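For reference, input-v8.cif (mmCIF, C-alpha atoms):
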data_structure
loop_
_atom_site.group_PDB
_atom_site.id
_atom_site.type_symbol
_atom_site.label_atom_id
_atom_site.label_comp_id
_atom_site.auth_asym_id
_atom_site.auth_seq_id
_atom_site.Cartn_x
_atom_site.Cartn_y
_atom_site.Cartn_z
ATOM 1 C CA MET A 531 113.453 87.837 104.315
ATOM 2 C CA ILE A 532 110.215 86.029 103.520
ATOM 3 C CA ILE A 533 108.038 84.771 106.356
ATOM 4 C CA ASP A 534 105.096 82.577 105.462
ATOM 5 C CA ALA A 535 101.622 82.868 106.909
ATOM 6 C CA ASP A 536 102.512 80.263 109.531
ATOM 7 C CA GLY A 537 105.228 82.596 110.827
ATOM 8 C CA VAL A 538 108.074 80.450 109.519
ATOM 9 C CA ILE A 539 111.069 82.027 107.806
ATOM 10 C CA ARG A 540 111.259 80.628 104.296
ATOM 11 C CA TYR A 541 113.972 82.797 102.784
ATOM 12 C CA ALA A 542 116.704 85.019 104.170
ATOM 13 C CA ALA A 543 119.501 86.759 102.314
ATOM 14 C CA SER A 544 121.713 89.762 102.904
ATOM 15 C CA VAL A 545 122.930 92.386 100.518
ATOM 16 C CA THR A 546 125.924 94.494 101.395
ATOM 17 C CA PRO A 547 125.779 98.259 100.810
ATOM 18 C CA ALA A 548 128.024 97.723 97.802
ATOM 19 C CA GLY A 549 125.850 94.955 96.399
ATOM 20 C CA GLU A 550 122.649 94.967 94.472
ATOM 21 C CA ARG A 551 119.591 92.875 95.075
ATOM 22 C CA ASP A 552 118.438 90.695 92.213
ATOM 23 C CA MET A 553 114.758 91.659 92.297
ATOM 24 C CA ALA A 554 113.772 89.092 89.674
ATOM 25 C CA ALA A 555 115.307 86.344 91.788
ATOM 26 C CA LEU A 556 113.570 87.677 94.884
ATOM 27 C CA VAL A 557 110.212 87.715 93.110
ATOM 28 C CA ALA A 558 110.811 84.159 91.920
ATOM 29 C CA GLU A 559 111.544 83.090 95.502
ATOM 30 C CA ALA A 560 108.358 84.768 96.714
ATOM 31 C CA GLU A 561 106.249 83.147 94.015
ATOM 32 C CA ALA A 562 107.711 79.728 94.739
ATOM 33 C CA ILE A 563 107.025 80.099 98.456
ATOM 34 C CA ALA A 564 103.463 81.246 97.791
ATOM 35 C CA ALA A 565 102.871 78.344 95.392
ATOM 36 C CA ALA A 566 104.233 75.799 97.860
ATOM 37 C CA TYR A 567 102.172 77.045 100.781
ATOM 38 C CA GLU A 568 99.496 74.479 101.579
ATOM 39 C CA GLY A 569 97.452 76.471 104.055
ATOM 40 C CA GLU A 570 94.487 78.606 103.178
ATOM 41 C CA LEU A 571 94.933 82.344 103.482
ATOM 42 C CA ALA A 572 92.117 84.444 104.880
ATOM 43 C CA ALA A 573 90.652 87.039 102.564
ATOM 44 C CA ASP A 574 91.539 90.659 103.156
ATOM 45 C CA PRO A 575 88.895 92.643 104.987
ATOM 46 C CA ALA A 576 87.056 95.090 102.785
ATOM 47 C CA ALA A 577 88.418 98.600 102.865
ATOM 48 C CA PRO A 578 86.041 101.357 103.845
ATOM 49 C CA ALA A 579 85.171 103.337 100.769
ATOM 50 C CA LEU A 580 86.144 106.899 100.138
ATOM 51 C CA ALA A 581 83.152 109.174 100.475
ATOM 52 C CA ALA A 582 81.276 109.567 97.207
ATOM 53 C CA ASP A 583 81.966 113.291 97.195
ATOM 54 C CA ALA A 584 85.663 112.899 98.025
ATOM 55 C CA ARG A 585 87.827 115.408 96.226
ATOM 56 C CA LEU A 586 91.330 116.636 96.903
ATOM 57 C CA PHE A 587 92.520 120.179 96.278
ATOM 58 C CA VAL A 588 96.261 120.846 96.165
ATOM 59 C CA LYS A 589 98.626 123.698 95.331
ATOM 60 C CA SER A 590 101.776 123.771 93.240
ATOM 61 C CA ARG A 591 105.102 124.250 95.021
ATOM 62 C CA CYS A 592 103.552 123.358 98.368
ATOM 63 C CA GLY A 593 105.303 120.859 100.631
ATOM 64 C CA PHE A 594 102.073 119.910 102.398
ATOM 65 C CA SER A 595 100.356 119.268 99.070
ATOM 66 C CA THR A 596 103.343 117.226 97.945
ATOM 67 C CA ALA A 597 103.119 115.092 101.085
ATOM 68 C CA VAL A 598 99.415 114.443 100.525
ATOM 69 C CA LEU A 599 99.985 113.602 96.866
ATOM 70 C CA ALA A 600 102.739 111.171 97.869
ATOM 71 C CA ALA A 601 100.275 109.482 100.233
ATOM 72 C CA VAL A 602 97.687 109.254 97.452
ATOM 73 C CA ASP A 603 100.303 107.632 95.246
ATOM 74 C CA ASN A 604 101.614 105.276 97.933
ATOM 75 C CA LEU A 605 98.101 104.165 98.825
ATOM 76 C CA HIS A 606 97.136 103.667 95.165
ATOM 77 C CA LEU A 607 94.151 105.970 95.543
ATOM 78 C CA GLY A 608 94.842 108.038 92.446
ATOM 79 C CA ASP A 609 92.162 106.352 90.382
ATOM 80 C CA ARG A 610 89.504 106.804 93.071
ATOM 81 C CA LEU A 611 90.135 110.359 94.193
ATOM 82 C CA PRO A 612 89.600 113.343 91.904
ATOM 83 C CA ILE A 613 92.413 115.851 92.367
ATOM 84 C CA ALA A 614 92.347 119.526 91.447
ATOM 85 C CA ASN A 615 95.283 121.915 91.511
ATOM 86 C CA VAL A 616 94.051 125.341 92.618
ATOM 87 C CA THR A 617 97.266 127.004 91.456
ATOM 88 C CA GLU A 618 96.706 125.927 87.881
ATOM 89 C CA ASP A 619 92.924 125.751 87.753
ATOM 90 C CA PRO A 620 90.984 128.956 88.551
ATOM 91 C CA ALA A 621 87.679 127.079 88.515
ATOM 92 C CA ALA A 622 88.980 124.642 91.119
ATOM 93 C CA ARG A 623 90.233 127.562 93.214
ATOM 94 C CA GLU A 624 86.789 129.131 93.058
ATOM 95 C CA GLU A 625 85.130 125.866 93.983
ATOM 96 C CA LEU A 626 87.467 125.462 96.949
ATOM 97 C CA ARG A 627 86.569 128.970 98.088
ATOM 98 C CA ARG A 628 82.877 128.178 97.695
ATOM 99 C CA LEU A 629 83.195 124.951 99.688
ATOM 100 C CA THR A 630 85.448 126.180 102.485
ATOM 101 C CA GLY A 631 85.316 129.949 102.394
ATOM 102 C CA LYS A 632 89.041 130.155 101.698
ATOM 103 C CA GLU A 633 91.702 129.011 99.266
ATOM 104 C CA GLN A 634 93.756 126.932 101.684
ATOM 105 C CA ALA A 635 95.154 123.754 100.177
ATOM 106 C CA PRO A 636 95.725 120.903 100.509
ATOM 107 C CA CYS A 637 92.108 120.306 101.337
ATOM 108 C CA LEU A 638 90.201 117.039 101.276
ATOM 109 C CA ILE A 639 86.462 117.244 100.884
ATOM 110 C CA ALA A 640 84.874 113.983 102.045
ATOM 111 C CA GLY A 641 81.442 113.267 103.409
ATOM 112 C CA GLY A 642 80.597 116.944 103.382
ATOM 113 C CA GLU A 643 83.565 117.667 105.640
ATOM 114 C CA ALA A 644 86.621 119.736 104.712
ATOM 115 C CA LEU A 645 89.968 118.584 106.075
ATOM 116 C CA LEU A 646 92.562 121.332 105.813
ATOM 117 C CA GLU A 647 95.605 119.856 107.551
ATOM 118 C CA SER A 648 97.873 117.535 105.592
ATOM 119 C CA LYS A 649 98.299 115.075 108.480
ATOM 120 C CA ALA A 650 94.534 114.853 108.982
ATOM 121 C CA ILE A 651 94.096 114.315 105.253
ATOM 122 C CA ILE A 652 96.733 111.578 105.139
ATOM 123 C CA ASP A 653 95.234 109.884 108.212
ATOM 124 C CA ARG A 654 91.823 109.882 106.512
ATOM 125 C CA LEU A 655 93.287 108.434 103.319
ATOM 126 C CA VAL A 656 95.168 105.736 105.226
ATOM 127 C CA GLY A 657 91.849 104.756 106.780
ATOM 128 C CA CYS A 658 90.428 104.189 103.310
ATOM 129 C CA VAL A 659 92.749 101.324 102.468
ATOM 130 C CA ALA A 660 92.567 97.795 103.763
ATOM 131 C CA PRO A 661 94.563 97.142 106.910
ATOM 132 C CA CYS A 662 97.840 95.347 106.296
ATOM 133 C CA MET B 899 120.538 83.814 114.143
ATOM 134 C CA ILE B 900 117.748 83.992 111.562
ATOM 135 C CA SER B 901 117.628 80.982 109.304
ATOM 136 C CA PRO B 902 115.068 79.460 106.966
ATOM 137 C CA GLY B 903 112.800 76.835 108.468
ATOM 138 C CA THR B 904 112.708 78.451 111.905
ATOM 139 C CA PRO B 905 109.842 80.464 113.400
ATOM 140 C CA ALA B 906 110.266 84.195 113.034
ATOM 141 C CA PRO B 907 110.355 86.125 116.302
ATOM 142 C CA ASN B 908 107.413 88.447 116.644
ATOM 143 C CA PHE B 909 108.090 92.155 116.270
ATOM 144 C CA THR B 910 106.245 95.420 115.858
ATOM 145 C CA LEU B 911 107.414 98.219 113.578
ATOM 146 C CA GLY B 912 106.022 101.574 112.567
ATOM 147 C CA ASP B 913 105.111 102.051 108.934
ATOM 148 C CA HIS B 914 105.570 105.299 107.025
ATOM 149 C CA PHE B 915 102.042 106.382 107.950
ATOM 150 C CA GLY B 916 102.627 106.003 111.679
ATOM 151 C CA ARG B 917 100.689 102.781 112.080
ATOM 152 C CA ARG B 918 102.134 100.078 114.336
ATOM 153 C CA ILE B 919 102.322 96.809 112.428
ATOM 154 C CA GLU B 920 102.840 93.532 114.312
ATOM 155 C CA LEU B 921 104.150 90.460 112.510
ATOM 156 C CA ALA B 922 101.727 88.225 114.399
ATOM 157 C CA SER B 923 98.801 90.103 112.861
ATOM 158 C CA PHE B 924 99.610 88.468 109.517
ATOM 159 C CA ARG B 925 99.477 84.920 110.903
ATOM 160 C CA GLY B 926 97.105 82.811 108.835
ATOM 161 C CA ARG B 927 96.370 85.741 106.538
ATOM 162 C CA LYS B 928 99.404 86.705 104.524
ATOM 163 C CA HIS B 929 102.985 85.918 103.745
ATOM 164 C CA VAL B 930 105.360 88.725 104.671
ATOM 165 C CA MET B 931 108.390 90.014 102.817
ATOM 166 C CA LEU B 932 110.700 92.029 105.056
ATOM 167 C CA VAL B 933 113.276 94.138 103.264
ATOM 168 C CA PHE B 934 115.907 96.379 104.842
ATOM 169 C CA TYR B 935 117.541 99.134 102.854
ATOM 170 C CA PRO B 936 120.703 100.115 104.694
ATOM 171 C CA LEU B 937 122.319 103.273 103.337
ATOM 172 C CA ASP B 938 119.457 103.840 100.939
ATOM 173 C CA PHE B 939 117.565 106.962 102.055
ATOM 174 C CA THR B 940 118.035 105.912 105.672
ATOM 175 C CA PRO B 941 120.254 107.330 108.419
ATOM 176 C CA THR B 942 123.651 105.686 108.632
#
What would you get if you wrote out this structure as structure tokens?
Amino acid sequence: MIIDADGVIRYAASVTPAGERDMAALVAEAEAIAAAYEGELAADPAAPALAADARLFVKSRCGFSTAVLAAVDNLHLGDRLPIANVTEDPAAREELRRLTGKEQAPCLIAGGEALLESKAIIDRLVGCVAPC
Amino acid sequence: MISPGTPAPNFTLGDHFGRRIELASFRGRKHVMLVFYPLDFTPT
């Protein structure tokens, strides 16, 4: 379903579990609706920046690290957030120990603060993207 | 019944990061594409 910025439904279609959605056709519908819209859309608010010192430490074979990495990917932050794997990189492991006094990962260093819980890390990352 | 040309009823849903997202918050700002994926990584 596509709802325009005036809150009006412009397109609605169902796909049964056995069917497949024609994504090219859906994109074409979306582009046509966007092109036909005569109103003026407000600009997105600026997203707060990641701290200049932001750095993420993760471990291999770690579910919490995997969850944080998925959030980084979903939020398209991969090109803005240096990531080090302390399982594979002894220097990164030593740096993590120097910064936090331990080797616990995932760990997000941002603004001089170390976040060591995956949910807290993900919440911080979510806050670094523009609101929907 | 949902049909093109009619106003969409307002709703609020949780996103995968736990934020509550209200349709009305997009009014005047963005178009919205709402896609349901029944049987695709969702409970049946």
As a ChimeraX atom specification, could you give me every residue of chain A near chain B (at most 6 Å apart, counting all atoms listed in the file)? /A:531-541,571-572
Expansion of the PyMOL selection byres ((chain A and resi 645) around 12) into residues, as a ChimeraX atom specification: /A:584-588,598,626,629-630,634-644,646-655
Taking the file as I've supplied it (selection: the PyMOL selection byres ((chain A and resi 605) around 12)), which residues are included? Please answer as a compact mmCIF listing (two decimals) with C-alpha atoms, keeping the file's coordinate frame.
# COMPACT_ATOMS: atom_id res chain seq x y z
CA ALA A 577 88.42 98.60 102.86
CA VAL A 598 99.42 114.44 100.52
CA LEU A 599 99.98 113.60 96.87
CA ALA A 600 102.74 111.17 97.87
CA ALA A 601 100.28 109.48 100.23
CA VAL A 602 97.69 109.25 97.45
CA ASP A 603 100.30 107.63 95.25
CA ASN A 604 101.61 105.28 97.93
CA HIS A 606 97.14 103.67 95.16
CA LEU A 607 94.15 105.97 95.54
CA GLY A 608 94.84 108.04 92.45
CA ASP A 609 92.16 106.35 90.38
CA ARG A 610 89.50 106.80 93.07
CA LEU A 611 90.14 110.36 94.19
CA ILE A 652 96.73 111.58 105.14
CA ASP A 653 95.23 109.88 108.21
CA ARG A 654 91.82 109.88 106.51
CA LEU A 655 93.29 108.43 103.32
CA VAL A 656 95.17 105.74 105.23
CA GLY A 657 91.85 104.76 106.78
CA CYS A 658 90.43 104.19 103.31
CA VAL A 659 92.75 101.32 102.47
CA ALA A 660 92.57 97.80 103.76
CA PRO A 661 94.56 97.14 106.91
CA CYS A 662 97.84 95.35 106.30
CA HIS B 914 105.57 105.30 107.02
CA PHE B 915 102.04 106.38 107.95
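Atom pair atom CA of A:Ile563 / atom CA of B:Phe909: separated by 21.5 Å.
With atom CA of A:Glu561 on one side and atom CA of A:Ala542 on the other, the separation reads 14.7 Å.
For the atom pair formed by atom CA of A:Ala560 and atom CA of A:Ala543, the distance is 12.6 Å, given to one decimal.
If all atoms listed in the file are the atoms counted, then among A:Pro620, A:Gly569, A:Pro612, A:Gly631 the closest residue to A:Ala581 is A:Pro612.
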Run through the PyMOL selection byres ((chain A and resi 617) around 10) on the given coordinates and return the selected residues as a PyMOL selection string. chain A and resi 587-591+614-616+618-620+622-623+633+635
